[in-house]
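For reference, start10.cif is printed below; it contains mmCIF, C-alpha atoms.
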data_model
#
loop_
_atom_site.label_atom_id
_atom_site.label_comp_id
_atom_site.auth_asym_id
_atom_site.auth_seq_id
_atom_site.Cartn_x
_atom_site.Cartn_y
_atom_site.Cartn_z
CA MET A 1133 -1.94 23.18 22.16
CA LEU A 1134 -4.35 20.60 20.75
CA SER A 1135 -6.94 18.74 22.78
CA SER A 1136 -4.53 15.77 22.77
CA GLY A 1137 -1.72 17.89 24.23
CA PRO A 1138 1.22 19.94 22.93
CA ALA A 1139 2.05 19.82 19.23
CA THR A 1140 5.52 21.03 18.26
CA PHE A 1141 6.40 22.21 14.78
CA LEU A 1142 8.87 24.13 12.66
CA GLN A 1143 7.67 27.26 10.87
CA VAL A 1144 9.44 29.52 8.37
CA GLY A 1145 8.29 31.97 5.71
CA SER A 1146 5.21 33.00 7.67
CA ASP A 1147 4.95 36.26 5.69
CA HIS A 1148 3.91 34.30 2.59
CA HIS A 1149 0.29 33.46 1.83
CA LYS A 1150 0.51 29.97 0.28
CA THR A 1151 1.25 27.18 2.76
CA VAL A 1152 3.35 24.06 2.29
CA LEU A 1153 3.06 21.35 4.92
CA LEU A 1154 6.08 19.06 5.39
CA LEU A 1155 5.24 15.69 6.99
CA HIS A 1156 8.09 13.58 8.35
CA GLY A 1157 8.30 9.81 8.61
CA GLY A 1158 8.36 7.33 11.47
CA GLY A 1159 11.14 5.67 13.41
CA LEU A 1160 14.11 7.92 14.16
CA ASP A 1161 12.70 10.91 12.30
CA CYS A 1162 11.28 14.30 13.16
CA ALA A 1163 10.46 17.52 11.34
CA SER A 1164 13.92 19.04 11.61
CA LEU A 1165 15.72 15.87 10.57
CA SER A 1166 13.92 15.27 7.27
CA TRP A 1167 13.17 18.87 6.35
CA ARG A 1168 16.01 21.07 7.59
CA LEU A 1169 17.46 21.44 4.07
CA LEU A 1170 14.20 21.83 2.15
CA ALA A 1171 12.32 24.17 4.48
CA PRO A 1172 14.61 27.22 4.05
CA GLU A 1173 14.48 26.87 0.26
CA LEU A 1174 10.68 26.74 0.17
CA ALA A 1175 10.42 29.58 2.68
CA LYS A 1176 11.66 31.99 0.01
CA HIS A 1177 8.23 31.76 -1.59
CA TYR A 1178 5.93 29.83 0.78
CA HIS A 1179 4.72 29.67 4.34
CA VAL A 1180 6.27 26.39 5.49
CA ILE A 1181 5.07 24.39 8.49
CA ALA A 1182 6.51 21.03 9.51
CA PRO A 1183 4.66 19.45 12.45
CA ASN A 1184 6.12 16.73 14.63
CA TRP A 1185 3.81 13.73 14.75
CA PRO A 1186 2.35 12.62 18.10
CA GLY A 1187 5.13 11.21 20.25
CA TYR A 1188 7.92 12.86 18.25
CA ALA A 1189 10.13 15.79 19.28
CA GLY A 1190 7.90 17.03 22.07
CA SER A 1191 4.46 16.49 20.55
CA ALA A 1192 2.14 14.67 22.95
CA ALA A 1193 1.92 10.95 22.17
CA LEU A 1194 -1.37 9.21 21.44
CA GLY A 1195 -0.41 6.53 23.95
CA ARG A 1196 -1.94 3.62 22.04
CA PRO A 1197 -1.61 1.73 18.75
CA TYR A 1198 -2.67 3.96 15.87
CA THR A 1199 -3.09 4.01 12.09
CA ILE A 1200 -2.60 6.54 9.31
CA ALA A 1201 -6.23 7.58 9.77
CA ASP A 1202 -5.52 8.46 13.41
CA ILE A 1203 -2.63 10.77 12.59
CA GLY A 1204 -4.65 12.09 9.64
CA HIS A 1205 -7.40 13.21 12.01
CA TRP A 1206 -4.71 14.69 14.28
CA LEU A 1207 -3.35 16.59 11.29
CA MET A 1208 -6.76 18.07 10.49
CA ARG A 1209 -7.03 19.33 14.08
CA PHE A 1210 -3.53 20.77 13.78
CA LEU A 1211 -4.51 22.66 10.62
CA ASP A 1212 -7.63 23.96 12.33
CA HIS A 1213 -5.56 25.15 15.27
CA GLN A 1214 -3.14 26.93 12.93
CA LYS A 1215 -6.08 28.43 10.99
CA ILE A 1216 -4.86 26.88 7.74
CA ASP A 1217 -7.67 26.13 5.29
CA ASN A 1218 -5.58 24.19 2.80
CA ALA A 1219 -1.99 23.48 1.89
CA ALA A 1220 0.31 21.64 -0.46
CA MET A 1221 1.49 18.51 1.37
CA VAL A 1222 4.94 16.98 1.07
CA GLY A 1223 5.29 13.73 3.01
CA ILE A 1224 8.00 11.10 3.42
CA SER A 1225 7.01 7.48 4.11
CA MET A 1226 4.47 7.58 6.97
CA GLY A 1227 4.01 11.29 6.25
CA GLY A 1228 3.31 10.49 2.61
CA GLY A 1229 0.60 8.08 3.70
CA ALA A 1230 -0.98 10.82 5.82
CA ALA A 1231 -0.89 13.19 2.85
CA LEU A 1232 -2.68 10.62 0.65
CA TRP A 1233 -5.25 9.99 3.39
CA SER A 1234 -5.86 13.74 3.66
CA ALA A 1235 -6.42 14.11 -0.08
CA ILE A 1236 -8.86 11.18 -0.11
CA ASN A 1237 -10.82 12.11 3.00
CA HIS A 1238 -10.48 15.91 3.14
CA PRO A 1239 -9.79 17.00 -0.44
CA MET A 1240 -10.61 20.65 0.23
CA ARG A 1241 -7.69 20.83 2.67
CA VAL A 1242 -5.12 19.71 0.07
CA ASN A 1243 -4.21 21.64 -3.08
CA ALA A 1244 -1.18 19.61 -4.18
CA LEU A 1245 0.65 16.44 -3.15
CA ILE A 1246 4.27 15.30 -3.14
CA PRO A 1247 4.41 11.79 -1.62
CA VAL A 1248 8.01 10.60 -1.17
CA GLY A 1249 8.85 6.92 -0.63
CA THR A 1250 5.24 6.87 0.41
CA TYR A 1251 3.33 4.61 2.71
CA GLY A 1252 -0.20 3.60 1.71
CA VAL A 1253 0.46 2.22 -1.78
CA ALA A 1254 1.78 -1.25 -0.87
CA PRO A 1255 -0.50 -3.93 0.62
CA ARG A 1256 2.25 -5.57 2.64
CA ALA A 1257 5.56 -4.69 4.26
CA PRO A 1258 8.82 -6.35 3.19
CA TYR A 1259 9.02 -9.82 4.81
CA HIS A 1260 5.54 -9.05 6.07
CA LEU A 1261 4.76 -11.95 8.38
CA LEU A 1262 8.19 -11.79 10.01
CA SER A 1263 7.84 -8.02 10.39
CA PHE A 1264 4.40 -8.49 11.95
CA LEU A 1265 5.76 -10.99 14.48
CA LEU A 1266 8.70 -8.73 15.33
CA THR A 1267 6.36 -5.82 16.13
CA ARG A 1268 5.03 -7.93 19.01
CA LEU A 1269 8.50 -7.88 20.59
CA PRO A 1270 10.25 -4.87 22.23
CA LEU A 1271 12.56 -4.67 19.23
CA ASN A 1272 12.55 -0.88 18.85
CA ALA A 1273 13.51 -0.40 22.50
CA ILE A 1274 16.37 -2.86 22.11
CA SER A 1275 17.62 -1.33 18.87
CA TYR A 1276 17.42 2.24 20.21
CA ALA A 1277 19.48 1.22 23.26
CA ALA A 1278 22.03 -0.54 21.07
CA MET A 1279 22.40 2.45 18.72
CA ARG A 1280 22.91 4.77 21.68
CA ARG A 1281 25.70 2.55 22.93
CA TYR A 1282 27.34 1.65 19.62
CA PRO A 1283 27.65 4.54 17.11
CA SER A 1284 28.63 2.10 14.34
CA LEU A 1285 25.17 0.53 14.58
CA LEU A 1286 23.56 3.95 14.25
CA ARG A 1287 25.59 4.72 11.15
CA ARG A 1288 24.64 1.35 9.68
CA ALA A 1289 20.97 2.08 10.31
CA VAL A 1290 21.21 5.44 8.52
CA ALA A 1291 23.16 3.85 5.66
CA GLY A 1292 20.32 1.36 5.22
CA LEU A 1293 18.14 4.27 4.07
CA PHE A 1294 20.63 5.30 1.36
CA ALA A 1295 21.46 3.75 -1.98
CA ASP A 1296 25.06 4.92 -1.58
CA PRO A 1297 26.31 4.44 2.01
CA ASN A 1298 29.31 6.65 1.22
CA LYS A 1299 26.96 9.64 1.17
CA VAL A 1300 26.22 9.21 4.87
CA THR A 1301 28.24 12.02 6.42
CA PRO A 1302 29.45 12.25 10.04
CA GLU A 1303 27.34 15.40 10.32
CA LEU A 1304 24.16 13.53 9.38
CA VAL A 1305 24.94 10.72 11.81
CA ALA A 1306 25.45 13.36 14.51
CA GLU A 1307 22.03 14.86 13.69
CA VAL A 1308 20.37 11.47 13.98
CA SER A 1309 22.30 10.79 17.19
CA ASP A 1310 20.91 14.01 18.69
CA VAL A 1311 17.38 12.90 17.83
CA LEU A 1312 18.07 9.46 19.31
CA ALA A 1313 19.39 10.99 22.52
CA SER A 1314 16.17 12.90 23.10
CA ALA A 1315 13.82 10.17 21.87
CA ASP A 1316 12.22 7.60 24.12
CA ASN A 1317 12.53 3.87 23.46
CA GLY A 1318 10.70 4.00 20.13
CA THR A 1319 7.22 3.58 21.60
CA PRO A 1320 5.44 5.93 19.12
CA PHE A 1321 6.76 3.97 16.15
CA THR A 1322 6.01 0.65 17.84
CA HIS A 1323 2.43 1.85 18.34
CA PHE A 1324 2.23 2.75 14.65
CA GLN A 1325 3.56 -0.64 13.59
CA ARG A 1326 1.17 -2.49 15.88
CA GLY A 1327 -1.77 -0.38 14.75
CA GLU A 1328 -1.03 -0.76 11.06
CA MET A 1329 0.08 -4.37 10.71
CA THR A 1330 -2.11 -7.43 10.70
CA ALA A 1331 -0.69 -10.87 10.01
CA ARG A 1332 -1.82 -10.67 6.38
CA ARG A 1333 -1.59 -7.03 5.29
CA LEU A 1334 -1.24 -3.35 6.17
CA ARG A 1335 -4.42 -1.61 7.24
CA SER A 1336 -3.75 1.59 5.28
CA PHE A 1337 -3.69 0.57 1.63
CA TYR A 1338 -5.34 3.08 -0.68
CA ARG A 1339 -5.33 1.39 -4.09
CA GLU A 1340 -9.14 1.46 -4.33
CA ASP A 1341 -9.26 5.18 -3.48
CA LEU A 1342 -6.36 6.70 -5.40
CA HIS A 1343 -8.45 7.43 -8.50
CA ARG A 1344 -10.41 9.93 -6.39
CA ILE A 1345 -7.35 12.13 -5.84
CA ALA A 1346 -7.66 14.97 -8.35
CA GLN A 1347 -4.95 17.26 -6.97
CA PRO A 1348 -1.73 17.75 -8.94
CA THR A 1349 0.63 15.12 -7.58
CA LEU A 1350 4.35 14.47 -7.88
CA PHE A 1351 5.53 11.12 -6.56
CA ILE A 1352 9.24 11.05 -5.78
CA HIS A 1353 10.74 7.63 -5.24
CA GLY A 1354 14.13 6.01 -4.86
CA ALA A 1355 15.11 3.42 -7.45
CA GLN A 1356 16.78 1.54 -4.61
CA ASP A 1357 14.18 2.08 -1.91
CA ALA A 1358 14.26 -1.14 0.12
CA LEU A 1359 11.10 -0.34 2.11
CA VAL A 1360 8.55 0.62 -0.57
CA PRO A 1361 8.71 -1.29 -3.88
CA LEU A 1362 8.97 1.01 -6.89
CA GLU A 1363 6.30 -0.92 -8.80
CA THR A 1364 3.67 -0.09 -6.17
CA VAL A 1365 4.33 3.64 -6.64
CA GLN A 1366 4.32 3.29 -10.42
CA MET A 1367 0.89 1.65 -10.19
CA ALA A 1368 -0.37 4.37 -7.84
CA ALA A 1369 0.74 7.16 -10.18
CA LYS A 1370 -1.08 5.53 -13.10
CA GLN A 1371 -4.34 5.42 -11.11
CA MET A 1372 -4.37 9.14 -10.39
CA PRO A 1373 -5.52 11.51 -13.14
CA HIS A 1374 -3.02 14.30 -12.45
CA ALA A 1375 0.00 12.44 -11.08
CA ARG A 1376 3.48 11.83 -12.35
CA LEU A 1377 6.47 9.98 -10.93
CA GLU A 1378 10.12 11.02 -10.65
CA VAL A 1379 12.56 8.22 -9.84
CA LEU A 1380 15.92 9.16 -8.33
CA ASP A 1381 18.97 6.95 -7.88
CA VAL A 1382 18.57 6.95 -4.10
CA GLY A 1383 17.16 4.87 -1.27
CA HIS A 1384 14.30 5.69 1.11
CA TRP A 1385 15.51 9.14 2.27
CA PRO A 1386 16.09 11.21 -0.90
CA MET A 1387 15.93 14.63 0.79
CA ARG A 1388 19.06 13.71 2.75
CA GLU A 1389 20.84 11.55 0.17
CA GLN A 1390 20.48 13.93 -2.80
CA PRO A 1391 19.16 17.16 -1.25
CA GLU A 1392 19.97 19.52 -4.12
CA GLN A 1393 18.18 17.39 -6.72
CA PHE A 1394 15.29 16.72 -4.35
CA ASN A 1395 14.84 20.37 -3.41
CA ARG A 1396 14.91 21.39 -7.06
CA LEU A 1397 12.21 18.86 -7.97
CA VAL A 1398 9.92 19.98 -5.16
CA SER A 1399 10.43 23.70 -5.78
CA THR A 1400 9.96 23.42 -9.53
CA PHE A 1401 6.75 21.41 -9.14
CA LEU A 1402 5.22 23.78 -6.60
CA ASP A 1403 6.24 26.87 -8.56
CA SER A 1404 4.68 25.44 -11.72
CA LEU A 1405 1.31 25.31 -9.95
CA ASN A 1406 1.49 28.95 -8.92
CA ASN A 1407 2.62 30.59 -12.15
#
For this file, produce the structure as structure tokens.
Amino acid sequence: MLSSGPATFLQVGSDHHKTVLLLHGGGLDCASLSWRLLAPELAKHYHVIAPNWPGYAGSAALGRPYTIADIGHWLMRFLDHQKIDNAAMVGISMGGGAALWSAINHPMRVNALIPVGTYGVAPRAPYHLLSFLLTRLPLNAISYAAMRRYPSLLRRAVAGLFADPNKVTPELVAEVSDVLASADNGTPFTHFQRGEMTARRLRSFYREDLHRIAQPTLFIHGAQDALVPLETVQMAAKQMPHARLEVLDVGHWPMREQPEQFNRLVSTFLDSLNN
């Protein structure tokens, strides 16, 4: 229990000393959805914790518009509560942005980074002004209701995160449907969008700070990621002294589109730091 309320999380491999923190994304995501295939693999050698962000999967919501810095501060309190001094951080999208923020603002808490399809490296969202205007409407509530009623819309939404829609299995759609059934009307993600987006740019854009990140870093990005342009991640990797980039033939959700290749990349990178 944090001062802000309950914080739910997944935890495996607690008998290991080194900790890996898995940070999920926004929208229809949660710890179990993004990390259910990676966590058991890492737990063979690491203590793995995957928190659910405020407002997701039972964690108390912040109840207001928020930015990456806000969930970054929340994450530091979570680590304090778990008595974790530092960890390797693996983050997808919004979670990747929080991992970058942590390395910039609390470098002693982070010993390695794996940002995936990461937020925080692009100054603007796709179709930025239109996206900004749409965040002022109850669009998430409408889309969540529609996806609950029409399964074909839910499958289409999941397919939009993949480079190859044929890799979207009925089992994955069922997993996302279960998350949707227990989610509210998308308020936590709406609050993130409203907190992060101005008419001109995104508030959390770390280009001027990336050179300060000295931790070993592996960027993983989809060649066909429609949400985060590949060139922004390429530029970010070049700014960091100990970073490299792996590009996969996937969309924005590589751990679910190509889980075996993704898990191998993450495991190999982390193991190389501990040998």
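The smallest atom-to-atom distance between Gly1204 in chain A and any of A:Ala1369, A:Ala1189, A:Leu1142, A:Leu1232, using all atoms listed in the file, is found for A:Leu1232.
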Requested in this report: Report the distance between CA of Gly1229 in chain A and CA of Arg1256 in chain A in Å, rounded to one decimal place.
Outcome: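 A separation of 13.8 Å between them.
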Margin query: Expand the PyMOL selection byres ((chain A and resi 1211) around 12) into the explicit residue set it covers here, and present it as number ranges by chain.
Written below: A: 1133-1134, 1139, 1141, 1151-1153, 1181-1183, 1204-1210, 1212-1219, 1221, 1234, 1238, 1241-1242
From the list A:His1260, A:Ala1289, A:Arg1280, A:Leu1377, the nearest residue to Thr1330 in chain A using only C-alpha atoms is A:His1260
Practice problem: Name the residues captured by the PyMOL selection byres ((chain A and resi 1386-1388) around 8) when it is applied to the shown file; answer as a list in words. | Solution: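 Selected by the PyMOL selection byres ((chain A and resi 1386-1388) around 8) in this file: Ser1166, Trp1167, Leu1169, Leu1170, Phe1294, His1353, Gly1354, Leu1380, Val1382, Gly1383, His1384, Trp1385, Glu1389, Gln1390, Pro1391, Phe1394 and Asn1395 of chain A.
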As an MDAnalysis selection string, please: the residues near His1177 in chain A (cut-off 9 Å, all atoms listed in the file, same-chain neighbours under 5 positions excluded). chainID A and resid 1145 1148:1150 1403
inquiry  = List as a list of chain:residue names the residues having at least one atom at most 12 Å from position (22.5, -0.1, 20.6) as given in the file, counting all atoms listed in the file.
reply    = A:Leu1271, A:Asn1272, A:Ala1273, A:Ile1274, A:Ser1275, A:Tyr1276, A:Ala1277, A:Ala1278, A:Met1279, A:Arg1280, A:Arg1281, A:Tyr1282, A:Pro1283, A:Ser1284, A:Leu1285, A:Leu1286, A:Arg1287, A:Arg1288, A:Ala1289, A:Ser1309, A:Leu1312, A:Ala1313, A:Asn1317
CA of Leu1397 in chain A sits from CA of Ile1352 in chain A at a separation of 8.6 Å
(message) Please expand the PyMOL selection byres ((chain A and resi 1373-1375) around 12) into the concrete residues it hits in this file, giving the result as a list in words.
(response) Asn1243, Ala1244, Leu1245, Ile1246, Pro1247, Leu1342, His1343, Arg1344, Ile1345, Ala1346, Gln1347, Pro1348, Thr1349, Leu1350, Phe1351, Ile1352, Val1365, Gln1366, Met1367, Ala1368, Ala1369, Lys1370, Gln1371, Met1372, Arg1376, Leu1377, Glu1378 and Phe1401 of chain A
Q) Which value, in Å to one decimal, gives the distance between CA of Thr1267 in chain A and CA of Trp1185 in chain A? A)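 Computing it gives 19.8 Å between the two atoms.
Shortest atom-to-atom contact with Leu1155 in chain A among A:Pro1197, A:Pro1138, A:Gly1190, A:Gly1227: A:Gly1227, counting all atoms listed in the file.
Closest approach to Thr1364 in chain A among A:Leu1194, A:Ile1224, A:Ala1201, A:Val1253: A:Val1253, based on all atoms listed in the file.
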Compare A:Tyr1188, A:Asp1161, A:Leu1174, A:Ala1291 by their minimum atom-to-atom distance to Thr1140 in chain A, counting only C-alpha atoms, and give me the closest one.
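Of the candidates, the smallest distance to Thr1140 in chain A is held by A:Tyr1188.
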When you count only C-alpha atoms, which of these residues is closest to Val1308 in chain A: A:Phe1337, A:Gln1356, A:Gln1325, A:Val1290?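 Among the listed residues, the smallest separation from Val1308 in chain A belongs to A:Val1290.
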Task: Close residues, range 1322-1324 of chain A itself excluded, 10 Å, all atoms listed in the file, min 4 positions apart in chain, as a list in words - done: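 Skipping anything fewer than 4 positions along the chain leaves Gly1158, Gly1159, Gly1187, Ala1193, Leu1194, Gly1195, Arg1196, Pro1197, Tyr1198, Thr1199, Ile1200, Asp1202, Ile1203, Met1226, Thr1267, Arg1268, Leu1269, Pro1270, Leu1271, Asn1272, Ala1273, Asn1317, Gly1318, Glu1328 and Met1329 of chain A.
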Write out the residues from the selection above, keeping C-alpha atoms, as a short mmCIF file (atom, residue, chain, number, x, y, z; two decimals), in the coordinates of the input.
data_model
loop_
_atom_site.label_atom_id
_atom_site.label_comp_id
_atom_site.auth_asym_id
_atom_site.auth_seq_id
_atom_site.Cartn_x
_atom_site.Cartn_y
_atom_site.Cartn_z
CA GLY A 1158 8.36 7.33 11.47
CA GLY A 1159 11.14 5.67 13.41
CA GLY A 1187 5.13 11.21 20.25
CA ALA A 1193 1.92 10.95 22.17
CA LEU A 1194 -1.37 9.21 21.44
CA GLY A 1195 -0.41 6.53 23.95
CA ARG A 1196 -1.94 3.62 22.04
CA PRO A 1197 -1.61 1.73 18.75
CA TYR A 1198 -2.67 3.96 15.87
CA THR A 1199 -3.09 4.01 12.09
CA ILE A 1200 -2.60 6.54 9.31
CA ASP A 1202 -5.52 8.46 13.41
CA ILE A 1203 -2.63 10.77 12.59
CA MET A 1226 4.47 7.58 6.97
CA THR A 1267 6.36 -5.82 16.13
CA ARG A 1268 5.03 -7.93 19.01
CA LEU A 1269 8.50 -7.88 20.59
CA PRO A 1270 10.25 -4.87 22.23
CA LEU A 1271 12.56 -4.67 19.23
CA ASN A 1272 12.55 -0.88 18.85
CA ALA A 1273 13.51 -0.40 22.50
CA ASN A 1317 12.53 3.87 23.46
CA GLY A 1318 10.70 4.00 20.13
CA GLU A 1328 -1.03 -0.76 11.06
CA MET A 1329 0.08 -4.37 10.71
#
Where's the centre, and what are the edge lengths in Å to one decimal, of a box along x, y and z enclosing all listed atoms of range 1168-1175 of chain A padded 5 Å per side, as AutoDock Vina command-line options?
--center_x 13.9 --center_y 25.3 --center_z 3.9 --size_x 17.0 --size_y 18.5 --size_z 17.4
Dig up all the protein and nucleic acid residues within 9 Å of (11.9, -0.3, 2.0) in the file frame, using all atoms listed in the file, and format them as a PDB file with C-alpha atoms, in the frame of the given file.
ATOM      1  CA  GLY A1249       8.850   6.920  -0.630  1.00  0.00           C
ATOM      2  CA  ALA A1257       5.560  -4.690   4.260  1.00  0.00           C
ATOM      3  CA  PRO A1258       8.820  -6.350   3.190  1.00  0.00           C
ATOM      4  CA  LEU A1293      18.140   4.270   4.070  1.00  0.00           C
ATOM      5  CA  GLN A1356      16.780   1.540  -4.610  1.00  0.00           C
ATOM      6  CA  ASP A1357      14.180   2.080  -1.910  1.00  0.00           C
ATOM      7  CA  ALA A1358      14.260  -1.140   0.120  1.00  0.00           C
ATOM      8  CA  LEU A1359      11.100  -0.340   2.110  1.00  0.00           C
ATOM      9  CA  VAL A1360       8.550   0.620  -0.570  1.00  0.00           C
ATOM     10  CA  PRO A1361       8.710  -1.290  -3.880  1.00  0.00           C
ATOM     11  CA  GLY A1383      17.160   4.870  -1.270  1.00  0.00           C
ATOM     12  CA  HIS A1384      14.300   5.690   1.110  1.00  0.00           C
TER      13      HIS A1384
END
